Structure formats: structure tokens, C-alpha cells
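Have a look at upload_20.txt; it's compact mmCIF, C-alpha atoms:
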# COMPACT_ATOMS: atom_id res chain seq x y z
CA MET O 286 0.00 0.00 0.00
CA VAL O 287 1.05 3.58 -0.68
CA THR O 288 0.06 6.56 1.47
CA VAL O 289 -0.58 9.77 -0.44
CA ARG O 290 -0.85 12.88 1.73
CA VAL O 291 -2.94 15.49 -0.02
CA GLY O 292 -3.57 19.17 0.60
CA ALA O 293 -2.32 21.55 3.27
CA ALA O 294 -3.88 19.34 5.96
CA LYS O 295 -2.08 16.30 4.49
CA GLN O 296 -5.17 14.12 4.34
CA ALA O 297 -3.98 10.54 3.92
CA PHE O 298 -5.16 8.22 1.15
CA CYS O 299 -4.07 4.58 1.25
CA ILE O 300 -3.95 3.16 -2.28
CA HIS O 301 -2.65 -0.06 -3.78
CA LYS O 302 0.75 0.58 -5.34
CA ASP O 303 -0.01 -1.61 -8.37
CA VAL O 304 -3.19 0.35 -9.08
CA LEU O 305 -1.38 3.69 -8.85
CA CYS O 306 1.59 2.68 -10.97
CA PHE O 307 -0.50 0.95 -13.62
CA ASN O 308 -2.39 4.19 -14.29
CA SER O 309 0.08 6.95 -13.43
CA LYS O 310 3.59 7.40 -14.80
CA TYR O 311 4.15 10.05 -12.10
CA PHE O 312 3.68 7.53 -9.31
CA THR O 313 5.64 4.89 -11.23
CA LYS O 314 8.68 7.18 -11.22
CA ALA O 315 8.16 8.41 -7.65
CA LEU O 316 7.87 4.91 -6.22
CA SER O 317 10.86 3.41 -7.96
CA GLY O 318 14.60 3.89 -7.97
CA GLN O 319 16.40 5.89 -5.28
CA PHE O 320 13.63 8.36 -4.49
CA LEU O 321 12.64 8.76 -0.84
CA GLU O 322 9.05 7.85 -1.74
CA ALA O 323 10.22 4.48 -3.02
CA ARG O 324 11.61 3.64 0.43
CA THR O 325 8.84 5.11 2.60
CA HIS O 326 5.84 4.47 0.28
CA ILE O 327 4.64 7.97 1.23
CA VAL O 328 3.98 10.64 -1.41
CA GLU O 329 3.27 14.29 -0.55
CA LEU O 330 0.91 16.34 -2.75
CA GLU O 331 0.35 19.42 -0.61
CA ASP O 332 -0.79 21.69 -3.46
CA VAL O 333 -3.49 19.30 -4.74
CA HIS O 334 -7.14 19.81 -3.79
CA VAL O 335 -8.42 16.93 -1.66
CA MET O 336 -11.76 16.72 -3.44
CA LEU O 337 -10.12 16.42 -6.87
CA PHE O 338 -7.87 13.69 -5.55
CA LYS O 339 -10.89 11.85 -4.13
CA ILE O 340 -12.41 11.86 -7.61
CA PHE O 341 -9.11 10.55 -8.96
CA VAL O 342 -9.01 7.70 -6.41
CA ALA O 343 -12.62 6.75 -7.16
CA TRP O 344 -11.75 6.62 -10.85
CA LEU O 345 -8.72 4.40 -10.13
CA TYR O 346 -10.96 1.71 -8.66
CA THR O 347 -14.14 2.12 -10.73
CA GLY O 348 -13.05 3.56 -14.07
CA LYS O 349 -15.79 6.18 -13.72
CA LEU O 350 -16.01 9.80 -12.59
CA ASN O 351 -18.08 10.01 -9.42
CA TYR O 352 -17.90 11.56 -5.99
CA GLU O 353 -19.08 10.70 -2.50
CA SER O 354 -18.93 13.16 0.37
CA SER O 355 -16.92 12.09 3.42
CA ASP O 356 -19.69 13.45 5.64
CA LEU O 357 -23.08 11.95 4.80
CA ASN O 358 -24.74 14.94 6.46
CA ILE O 359 -23.19 17.30 3.90
CA PRO O 360 -24.59 17.06 0.34
CA ALA O 361 -22.00 16.51 -2.37
CA LYS O 362 -23.36 19.61 -4.09
CA ASN O 363 -22.05 21.73 -1.20
CA ASP O 364 -18.57 20.28 -1.69
CA PHE O 365 -18.67 21.06 -5.41
CA GLU O 366 -19.82 24.63 -4.80
CA GLN O 367 -16.98 25.10 -2.33
CA LEU O 368 -14.40 23.63 -4.70
CA HIS O 369 -15.68 25.74 -7.58
CA THR O 370 -15.31 28.87 -5.44
CA ILE O 371 -11.78 27.91 -4.36
CA LEU O 372 -10.70 27.28 -7.95
CA THR O 373 -12.26 30.56 -9.10
CA ASP O 374 -10.47 32.50 -6.35
CA GLU O 375 -7.11 31.18 -7.57
CA HIS O 376 -7.50 33.31 -10.70
CA PRO O 377 -9.96 36.08 -9.79
CA TYR O 378 -11.30 38.60 -12.26
CA GLU O 379 -13.85 41.37 -12.18
CA GLN O 380 -16.74 40.06 -14.20
CA GLU O 381 -18.34 42.48 -16.59
CA ASP O 382 -21.52 41.75 -18.46
CA ASP O 383 -24.14 43.55 -20.43
CA GLU O 384 -27.46 41.76 -20.53
CA GLU O 385 -28.62 43.88 -23.48
CA ASP O 386 -25.86 42.40 -25.63
CA ARG O 387 -26.64 38.86 -24.65
CA ASP O 388 -28.62 37.81 -27.68
CA ASP O 389 -26.77 34.67 -28.72
CA GLY O 390 -29.04 32.53 -26.56
CA MET O 391 -26.14 30.78 -24.84
CA PRO O 392 -25.39 31.24 -21.14
CA ILE O 393 -21.67 31.79 -20.74
CA ASP O 394 -21.47 32.16 -16.95
CA GLU O 395 -21.67 28.46 -16.35
CA PHE O 396 -21.81 28.04 -12.58
CA PHE O 397 -25.11 26.18 -12.74
CA LEU O 398 -25.67 23.21 -10.45
CA TYR O 399 -29.44 23.05 -10.68
CA ASP O 400 -29.20 19.66 -12.39
CA PHE O 401 -26.21 18.49 -10.34
CA ASP O 402 -25.66 14.75 -9.99
CA GLN O 403 -22.53 13.57 -8.20
CA GLU O 404 -22.53 10.40 -10.33
CA ASP O 405 -23.00 12.26 -13.62
CA PRO O 406 -19.88 14.32 -14.36
CA GLU O 407 -21.58 16.03 -17.30
CA THR O 408 -23.52 18.03 -14.69
CA TRP O 409 -20.32 19.27 -13.03
CA THR O 410 -18.94 22.70 -13.92
CA TYR O 411 -16.40 23.17 -16.67
CA LEU O 412 -13.98 24.65 -14.15
CA ILE O 413 -13.96 21.49 -12.03
CA LEU O 414 -13.62 19.27 -15.11
CA CYS O 415 -10.72 21.41 -16.36
CA ALA O 416 -9.07 21.19 -12.94
CA LEU O 417 -9.47 17.41 -13.07
CA PHE O 418 -7.76 17.34 -16.47
CA VAL O 419 -4.92 19.44 -15.05
CA LEU O 420 -4.50 17.00 -12.16
CA ALA O 421 -4.48 14.04 -14.56
CA ASP O 422 -1.90 15.84 -16.67
CA ARG O 423 0.31 16.48 -13.66
CA LEU O 424 0.08 12.86 -12.49
CA ASP O 425 0.57 11.68 -16.08
CA VAL O 426 -2.66 9.68 -16.33
CA PRO O 427 -3.57 9.58 -20.06
CA LYS O 428 -6.85 7.67 -19.64
CA LEU O 429 -8.19 10.16 -17.10
CA LYS O 430 -7.18 13.09 -19.31
CA THR O 431 -9.14 11.58 -22.19
CA LEU O 432 -12.15 10.94 -19.98
CA ALA O 433 -12.12 14.53 -18.72
CA LEU O 434 -12.05 15.84 -22.31
CA ASP O 435 -14.87 13.51 -23.36
CA THR O 436 -16.94 14.67 -20.38
CA ILE O 437 -16.44 18.33 -21.27
CA ILE O 438 -17.57 17.58 -24.82
CA GLY O 439 -20.57 15.65 -23.49
CA ARG O 440 -21.57 18.51 -21.21
CA ARG O 441 -21.69 20.90 -24.14
CA ARG O 442 -23.38 18.35 -26.41
CA ASN O 443 -26.17 17.99 -23.86
CA LYS O 444 -26.94 21.71 -24.17
CA GLY O 445 -24.78 22.70 -21.26
CA PRO O 446 -23.63 26.32 -21.09
CA ILE O 447 -20.50 27.64 -22.75
CA PRO O 448 -17.28 27.46 -20.66
CA ASN O 449 -16.74 30.73 -18.85
CA ALA O 450 -13.65 32.81 -18.17
CA SER O 451 -12.83 30.96 -14.94
CA ALA O 452 -12.39 27.66 -16.78
CA VAL O 453 -10.25 29.28 -19.46
CA LEU O 454 -8.11 31.28 -17.01
CA TYR O 455 -7.47 28.18 -14.89
CA THR O 456 -6.61 26.10 -17.95
CA TYR O 457 -4.16 28.63 -19.37
CA ALA O 458 -2.47 29.03 -15.99
CA HIS O 459 -1.89 25.29 -15.56
CA THR O 460 -1.32 23.86 -19.05
CA THR O 461 1.22 24.23 -21.85
CA ARG O 462 0.69 25.73 -25.28
CA ASN O 463 0.08 22.36 -26.96
CA SER O 464 -2.50 21.20 -24.43
CA LYS O 465 -5.50 19.40 -25.92
CA LEU O 466 -7.68 21.04 -23.29
CA ARG O 467 -6.68 24.48 -24.56
CA ARG O 468 -7.50 23.43 -28.10
CA LEU O 469 -10.91 22.10 -27.06
CA LEU O 470 -11.83 25.35 -25.25
CA VAL O 471 -10.67 27.45 -28.20
CA HIS O 472 -12.77 25.45 -30.67
CA THR O 473 -15.79 25.47 -28.37
CA ILE O 474 -15.82 29.26 -28.16
CA ALA O 475 -14.82 29.80 -31.81
CA TYR O 476 -17.55 27.61 -33.26
CA GLU O 477 -20.38 28.17 -30.79
CA VAL O 478 -20.32 31.85 -29.79
CA THR O 479 -21.54 34.63 -32.06
CA PHE O 480 -19.55 37.44 -30.37
CA LYS O 481 -22.43 39.88 -30.48
CA ARG O 482 -21.79 41.02 -26.92
CA SER O 483 -19.85 44.16 -25.98
CA HIS O 484 -16.08 43.89 -26.24
CA HIS O 485 -15.62 44.61 -22.51
CA VAL O 486 -17.15 41.22 -21.71
CA TRP O 487 -13.97 39.58 -23.05
CA ASN O 488 -11.42 41.92 -21.43
CA HIS O 489 -10.44 39.45 -18.69
CA TRP O 490 -10.02 36.43 -20.98
CA PRO O 491 -6.39 35.42 -21.75
CA LEU O 492 -5.02 37.28 -24.78
CA GLU O 493 -3.42 34.10 -26.09
CA PHE O 494 -6.80 32.36 -25.93
CA LEU O 495 -8.67 35.15 -27.72
CA THR O 496 -5.98 35.26 -30.41
CA ALA O 497 -6.35 31.52 -30.98
CA VAL O 498 -10.14 31.94 -31.24
CA MET O 499 -9.75 34.72 -33.83
CA VAL O 500 -7.31 32.65 -35.89
CA THR O 501 -9.67 29.66 -35.74
CA ASN O 502 -12.59 31.82 -36.89
CA GLY O 503 -10.47 33.27 -39.68
CA ARG O 504 -9.61 29.82 -40.94

If you took the structure in this file and wrote it as C-alpha cells, what would it be?
Amino acid sequence: MVTVRVGAAKQAFCIHKDVLCFNSKYFTKALSGQFLEARTHIVELEDVHVMLFKIFVAWLYTGKLNYESSDLNIPAKNDFEQLHTILTDEHPYEQEDDEEDRDDGMPIDEFFLYDFDQEDPETWTYLILCALFVLADRLDVPKLKTLALDTIIGRRRNKGPIPNASAVLYTYAHTTRNSKLRRLLVHTIAYEVTFKRSHHVWNHWPLEFLTAVMVTNGR
């Protein structure tokens, strides 16, 4: 067994080493060779959100994205709202909007949990799904990265809202230029938004992202 201590509080997760290493190249490297982790079977991930790691562990053993609250008296929806707020606060921006310009019929401020289902990841917010992709990328888990991308596509296909600035800001802060998640967000906005709203609505979006959207539209 391997103990993974997650978050500032170092919450401990005990996971089978074979399960971890089979799915994650990060853990394969950490738990082999001359690394301290290989001798102690303890891995520290202090800057990882506990809730995201819980989703990762559940996926390791089930192959599905789902979540169960540690406290049965606290609805999972509360945990998701809290995580969404924490992730948003990591890259804050002053949101500007003009309802009169909002005539494309697509909600872009996507923090909607009215249809939330902890066992249906397509009802989770884009920001949380993007953060899950980032975690999978950091831990080098290709299958989970693919599943996160497929879930984002499914959320939009099922008439979910358009990803908002929080999801894009988080993605661009934690991924590289060639990230498939970046490409997916660029194409989603380029092909599904009419850009009839005032220009100030887009002021806080990453310049690199907006440039990529314009180039995609031009092509």
C-alpha cells in the first residue's frame, strides 16, 4: 500500500501501489529507484485539492467519474460549490456583463448546479472538469485526461452552457501551449459563440486564448 498525503492538511489516502503505478507514470517514477518515496511508500501532494484527488481515487478503482462526500450529512453539491469557489479564487477577475448584448441565446457564466448529480460528471462545472484534467496531466494519467475531455464535450453536447472565463483562465495558468484542453476550449468558443456582446465582456479572458479563437474563426 502507498500513502498519499494530499492538501495543506495532508489528508492521507491509502492506495494499492499496483493500481497507482498501472495508471500513473508520475507515481511509477516516484515509487521506484532511489527516491525517498520508493523507500517510505509515502507521497506528498500538498498543493493538490483533496476533493479532486478523491475523484481521482474513485476513478482508479471504478473507471468512472463520481464523488461521495466524506460526511453523509453534507450534500456533495455543497462540496462542489466550495471547490468551484476555491478554484475561481485562484485566478480572480472582475466580471463584466451587459445583458442587453446577450442575444446569442447561450449562457456563458456556467456556474449552474441546478441539475447536479454527483454520479454524472456532465452536470459538473467546466472549471472542475478542467481542474481534473490538469490533475491528470500532472500525475501523467492519459486515460483520465481523455475521460475529462470527453466529459467536457458531453456537457456541451447535452446543451450545457458555454465554458466561462474561470475555466479558461485556470486552464491557461496550468497547461502548456500544446494542451489538448486548450484546443478544445478554443474550438468550443470559436464555433459556438456569435460574439455579439460588448467587447468589454472579453477583457479578462487570456489574450493568447482570444488570439487563438480569432485565428480559428479566420480559418

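With atom CA of Ile327 of chain O on one side and atom CA of Lys339 of chain O on the other, the separation reads 16.9 Å.
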
(message) Here's a test: counting all atoms listed in the file, identify every protein, DNA and RNA residue with an atom at most 9 Å from (-7.4, 6.1, 3.3) in the file's coordinate frame, and state them as a PyMOL selection string.
(response) chain O and resi 288-289+296-300

(message) Nearest residue to Leu492 of chain O out of O:Leu454, O:Leu414, O:Ala475, O:Ile438, using all atoms listed in the file?
(response) O:Leu454

(request) Could you please determine the separation between atom CA of Ile474 of chain O and atom CA of Asp422 of chain O in Å, to one decimal place? (result) 22.5 Å

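Environment of (5.4, 20.6, -20.2): residues at most 12 Å away, judged by all atoms listed in the file, are Val419, Asp422, Arg423, Asp425, His459, Thr460, Thr461, Arg462, Asn463 and Ser464 of chain O.
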
Write the residues of the selection above to a file with C-alpha atoms, as a tab-separated table (two decimals), in the coordinates of the input.
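Result went into selection21.tsv, see below:
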chain	number	residue	atom	x	y	z
O	419	VAL	CA	-4.92	19.44	-15.05
O	422	ASP	CA	-1.90	15.84	-16.67
O	423	ARG	CA	0.31	16.48	-13.66
O	425	ASP	CA	0.57	11.68	-16.08
O	459	HIS	CA	-1.89	25.29	-15.56
O	460	THR	CA	-1.32	23.86	-19.05
O	461	THR	CA	1.22	24.23	-21.85
O	462	ARG	CA	0.69	25.73	-25.28
O	463	ASN	CA	0.08	22.36	-26.96
O	464	SER	CA	-2.50	21.20	-24.43

(request) For atom CA of Ala450 of chain O and atom CA of Glu477 of chain O, quote the distance in Å rounded to one decimal. (result) 15.0 Å

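Nearest to Ala421 of chain O of all the residues O:Tyr455, O:Leu434, O:Met499, O:Pro446 is O:Leu434, based on all atoms listed in the file.
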
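Shell of Phe365 of chain O at 12 Å, with only C-alpha atoms counted and residues fewer than 6 places along the chain excluded, is His334, Val335, Met336, Leu337, Ile340, Asn351, Tyr352, Glu353, Ser354, Ile359, Ile371, Leu372, Phe396, Phe397, Leu398, Phe401, Asp402, Gln403, Pro406, Thr408, Trp409, Thr410, Tyr411, Leu412, Ile413 and Leu414 of chain O.
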
(request) For His326 of chain O, work out the shell of residues within 10 Å, counting all atoms listed in the file and skipping chain neighbours fewer than 3 positions away, then give it as a PyMOL selection string. (result) chain O and resi 286-289+299+302+315-317+320-323

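Of the residues under consideration (O:Lys362, O:Thr501, O:Trp344, O:Phe307), O:Lys362 shows the shortest atom-to-atom contact distance to Asp400 of chain O when counting all atoms listed in the file.
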
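In terms of minimum interatomic distance to Val304 of chain O, O:Tyr346 ranks closest within O:Tyr457, O:Trp487, O:Phe494, O:Tyr346, counting only C-alpha atoms.
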
Could you give me the axis-aligned bounding box of segment 339-342 of chain O, with 6 Å of padding per side, as centre plus edge lengths in Å to one decimal, as lines of an AutoDock Vina configuration file?
center_x = -10.7
center_y = 9.8
center_z = -6.5
size_x = 15.4
size_y = 16.2
size_z = 16.8

(message) Measuring between all atoms listed in the file, which one of O:Gln319, O:Leu417, O:Glu407, O:Leu368 shows the shortest distance to Asn443 of chain O?
(response) O:Glu407

(request) For Ala458 of chain O, list every protein, DNA or RNA residue within 10 Å, evaluated using only C-alpha atoms, and leave out those in the same chain fewer than 5 positions away; present the list as a PyMOL selection string. (result) chain O and resi 375-376+419+453+491

(request) Would you please work out which residue, of O:Asn358, O:Thr313, O:Gln367, O:Asn449, is nearest to His489 of chain O when using all atoms listed in the file? (result) O:Asn449

Output segment 469-482 of chain O from the block with all heavy atoms, as a PDB file, in the first residue's frame?
ATOM      1  N   LEU O 469      -9.475  22.368 -27.175  1.00  0.00           N
ATOM      2  CA  LEU O 469     -10.910  22.103 -27.064  1.00  0.00           C
ATOM      3  C   LEU O 469     -11.672  23.368 -26.669  1.00  0.00           C
ATOM      4  O   LEU O 469     -12.720  23.675 -27.247  1.00  0.00           O
ATOM      5  CB  LEU O 469     -11.159  21.001 -26.024  1.00  0.00           C
ATOM      6  CG  LEU O 469     -12.627  20.703 -25.697  1.00  0.00           C
ATOM      7  CD1 LEU O 469     -13.390  20.295 -26.950  1.00  0.00           C
ATOM      8  CD2 LEU O 469     -12.718  19.615 -24.640  1.00  0.00           C
ATOM      9  N   LEU O 470     -11.162  24.118 -25.691  1.00  0.00           N
ATOM     10  CA  LEU O 470     -11.833  25.348 -25.255  1.00  0.00           C
ATOM     11  C   LEU O 470     -11.841  26.388 -26.374  1.00  0.00           C
ATOM     12  O   LEU O 470     -12.848  27.085 -26.572  1.00  0.00           O
ATOM     13  CB  LEU O 470     -11.144  25.902 -24.012  1.00  0.00           C
ATOM     14  CG  LEU O 470     -11.263  25.053 -22.742  1.00  0.00           C
ATOM     15  CD1 LEU O 470     -10.476  25.683 -21.602  1.00  0.00           C
ATOM     16  CD2 LEU O 470     -12.724  24.866 -22.337  1.00  0.00           C
ATOM     17  N   VAL O 471     -10.729  26.502 -27.087  1.00  0.00           N
ATOM     18  CA  VAL O 471     -10.667  27.451 -28.202  1.00  0.00           C
ATOM     19  C   VAL O 471     -11.720  27.111 -29.245  1.00  0.00           C
ATOM     20  O   VAL O 471     -12.477  27.978 -29.698  1.00  0.00           O
ATOM     21  CB  VAL O 471      -9.256  27.442 -28.840  1.00  0.00           C
ATOM     22  CG1 VAL O 471      -9.282  28.158 -30.201  1.00  0.00           C
ATOM     23  CG2 VAL O 471      -8.257  28.119 -27.909  1.00  0.00           C
ATOM     24  N   HIS O 472     -11.812  25.851 -29.630  1.00  0.00           N
ATOM     25  CA  HIS O 472     -12.765  25.448 -30.669  1.00  0.00           C
ATOM     26  C   HIS O 472     -14.205  25.594 -30.188  1.00  0.00           C
ATOM     27  O   HIS O 472     -15.086  25.945 -30.971  1.00  0.00           O
ATOM     28  CB  HIS O 472     -12.479  24.009 -31.100  1.00  0.00           C
ATOM     29  CG  HIS O 472     -11.317  23.908 -32.034  1.00  0.00           C
ATOM     30  ND1 HIS O 472     -11.252  22.992 -33.060  1.00  0.00           N
ATOM     31  CD2 HIS O 472     -10.163  24.603 -32.103  1.00  0.00           C
ATOM     32  CE1 HIS O 472     -10.126  23.141 -33.734  1.00  0.00           C
ATOM     33  NE2 HIS O 472      -9.443  24.107 -33.161  1.00  0.00           N
ATOM     34  N   THR O 473     -14.435  25.329 -28.900  1.00  0.00           N
ATOM     35  CA  THR O 473     -15.794  25.468 -28.369  1.00  0.00           C
ATOM     36  C   THR O 473     -16.269  26.913 -28.484  1.00  0.00           C
ATOM     37  O   THR O 473     -17.392  27.176 -28.944  1.00  0.00           O
ATOM     38  CB  THR O 473     -15.841  25.026 -26.898  1.00  0.00           C
ATOM     39  OG1 THR O 473     -15.463  23.652 -26.803  1.00  0.00           O
ATOM     40  CG2 THR O 473     -17.250  25.197 -26.331  1.00  0.00           C
ATOM     41  N   ILE O 474     -15.437  27.856 -28.091  1.00  0.00           N
ATOM     42  CA  ILE O 474     -15.818  29.264 -28.161  1.00  0.00           C
ATOM     43  C   ILE O 474     -15.866  29.735 -29.616  1.00  0.00           C
ATOM     44  O   ILE O 474     -16.790  30.450 -30.021  1.00  0.00           O
ATOM     45  CB  ILE O 474     -14.832  30.127 -27.351  1.00  0.00           C
ATOM     46  CG1 ILE O 474     -14.886  29.737 -25.862  1.00  0.00           C
ATOM     47  CG2 ILE O 474     -15.163  31.607 -27.521  1.00  0.00           C
ATOM     48  CD1 ILE O 474     -16.227  29.946 -25.206  1.00  0.00           C
ATOM     49  N   ALA O 475     -14.889  29.333 -30.417  1.00  0.00           N
ATOM     50  CA  ALA O 475     -14.817  29.802 -31.811  1.00  0.00           C
ATOM     51  C   ALA O 475     -16.035  29.379 -32.621  1.00  0.00           C
ATOM     52  O   ALA O 475     -16.566  30.165 -33.416  1.00  0.00           O
ATOM     53  CB  ALA O 475     -13.542  29.284 -32.467  1.00  0.00           C
ATOM     54  N   TYR O 476     -16.488  28.142 -32.419  1.00  0.00           N
ATOM     55  CA  TYR O 476     -17.554  27.607 -33.259  1.00  0.00           C
ATOM     56  C   TYR O 476     -18.959  27.801 -32.685  1.00  0.00           C
ATOM     57  O   TYR O 476     -19.934  27.637 -33.409  1.00  0.00           O
ATOM     58  CB  TYR O 476     -17.312  26.115 -33.519  1.00  0.00           C
ATOM     59  CG  TYR O 476     -16.135  25.842 -34.426  1.00  0.00           C
ATOM     60  CD1 TYR O 476     -14.991  25.217 -33.939  1.00  0.00           C
ATOM     61  CD2 TYR O 476     -16.160  26.217 -35.763  1.00  0.00           C
ATOM     62  CE1 TYR O 476     -13.900  24.967 -34.765  1.00  0.00           C
ATOM     63  CE2 TYR O 476     -15.070  25.975 -36.601  1.00  0.00           C
ATOM     64  CZ  TYR O 476     -13.943  25.348 -36.088  1.00  0.00           C
ATOM     65  OH  TYR O 476     -12.875  25.114 -36.900  1.00  0.00           O
ATOM     66  N   GLU O 477     -19.056  28.159 -31.401  1.00  0.00           N
ATOM     67  CA  GLU O 477     -20.382  28.173 -30.794  1.00  0.00           C
ATOM     68  C   GLU O 477     -20.786  29.504 -30.173  1.00  0.00           C
ATOM     69  O   GLU O 477     -21.850  29.607 -29.581  1.00  0.00           O
ATOM     70  CB  GLU O 477     -20.466  27.066 -29.735  1.00  0.00           C
ATOM     71  CG  GLU O 477     -20.220  25.684 -30.324  1.00  0.00           C
ATOM     72  CD  GLU O 477     -20.643  24.580 -29.370  1.00  0.00           C
ATOM     73  OE1 GLU O 477     -21.694  24.712 -28.728  1.00  0.00           O
ATOM     74  OE2 GLU O 477     -19.905  23.575 -29.270  1.00  0.00           O
ATOM     75  N   VAL O 478     -19.969  30.528 -30.307  1.00  0.00           N
ATOM     76  CA  VAL O 478     -20.320  31.849 -29.785  1.00  0.00           C
ATOM     77  C   VAL O 478     -20.368  32.829 -30.946  1.00  0.00           C
ATOM     78  O   VAL O 478     -19.517  32.804 -31.833  1.00  0.00           O
ATOM     79  CB  VAL O 478     -19.289  32.306 -28.726  1.00  0.00           C
ATOM     80  CG1 VAL O 478     -19.585  33.738 -28.277  1.00  0.00           C
ATOM     81  CG2 VAL O 478     -19.328  31.368 -27.526  1.00  0.00           C
ATOM     82  N   THR O 479     -21.356  33.710 -30.938  1.00  0.00           N
ATOM     83  CA  THR O 479     -21.541  34.635 -32.056  1.00  0.00           C
ATOM     84  C   THR O 479     -20.798  35.952 -31.866  1.00  0.00           C
ATOM     85  O   THR O 479     -20.700  36.734 -32.795  1.00  0.00           O
ATOM     86  CB  THR O 479     -23.042  34.950 -32.234  1.00  0.00           C
ATOM     87  OG1 THR O 479     -23.539  35.524 -31.025  1.00  0.00           O
ATOM     88  CG2 THR O 479     -23.819  33.693 -32.558  1.00  0.00           C
ATOM     89  N   PHE O 480     -20.307  36.220 -30.651  1.00  0.00           N
ATOM     90  CA  PHE O 480     -19.545  37.443 -30.365  1.00  0.00           C
ATOM     91  C   PHE O 480     -20.336  38.713 -30.664  1.00  0.00           C
ATOM     92  O   PHE O 480     -19.800  39.687 -31.185  1.00  0.00           O
ATOM     93  CB  PHE O 480     -18.217  37.449 -31.138  1.00  0.00           C
ATOM     94  CG  PHE O 480     -17.275  36.360 -30.711  1.00  0.00           C
ATOM     95  CD1 PHE O 480     -17.209  35.173 -31.419  1.00  0.00           C
ATOM     96  CD2 PHE O 480     -16.494  36.509 -29.584  1.00  0.00           C
ATOM     97  CE1 PHE O 480     -16.365  34.145 -31.017  1.00  0.00           C
ATOM     98  CE2 PHE O 480     -15.639  35.493 -29.172  1.00  0.00           C
ATOM     99  CZ  PHE O 480     -15.574  34.308 -29.884  1.00  0.00           C
ATOM    100  N   LYS O 481     -21.601  38.689 -30.305  1.00  0.00           N
ATOM    101  CA  LYS O 481     -22.426  39.885 -30.476  1.00  0.00           C
ATOM    102  C   LYS O 481     -22.414  40.768 -29.231  1.00  0.00           C
ATOM    103  O   LYS O 481     -22.953  41.862 -29.245  1.00  0.00           O
ATOM    104  CB  LYS O 481     -23.872  39.485 -30.805  1.00  0.00           C
ATOM    105  CG  LYS O 481     -24.033  38.789 -32.159  1.00  0.00           C
ATOM    106  CD  LYS O 481     -25.486  38.439 -32.403  1.00  0.00           C
ATOM    107  CE  LYS O 481     -25.661  37.758 -33.763  1.00  0.00           C
ATOM    108  NZ  LYS O 481     -27.079  37.390 -34.015  1.00  0.00           N
ATOM    109  N   ARG O 482     -21.800  40.274 -28.173  1.00  0.00           N
ATOM    110  CA  ARG O 482     -21.794  41.024 -26.919  1.00  0.00           C
ATOM    111  C   ARG O 482     -20.705  42.085 -26.938  1.00  0.00           C
ATOM    112  O   ARG O 482     -19.775  42.047 -27.743  1.00  0.00           O
ATOM    113  CB  ARG O 482     -21.589  40.059 -25.750  1.00  0.00           C
ATOM    114  CG  ARG O 482     -22.630  38.959 -25.704  1.00  0.00           C
ATOM    115  CD  ARG O 482     -22.171  37.778 -24.902  1.00  0.00           C
ATOM    116  NE  ARG O 482     -22.215  38.048 -23.483  1.00  0.00           N
ATOM    117  CZ  ARG O 482     -21.671  37.252 -22.570  1.00  0.00           C
ATOM    118  NH1 ARG O 482     -21.017  36.181 -22.938  1.00  0.00           N
ATOM    119  NH2 ARG O 482     -21.758  37.551 -21.293  1.00  0.00           N
TER     120      ARG O 482
END
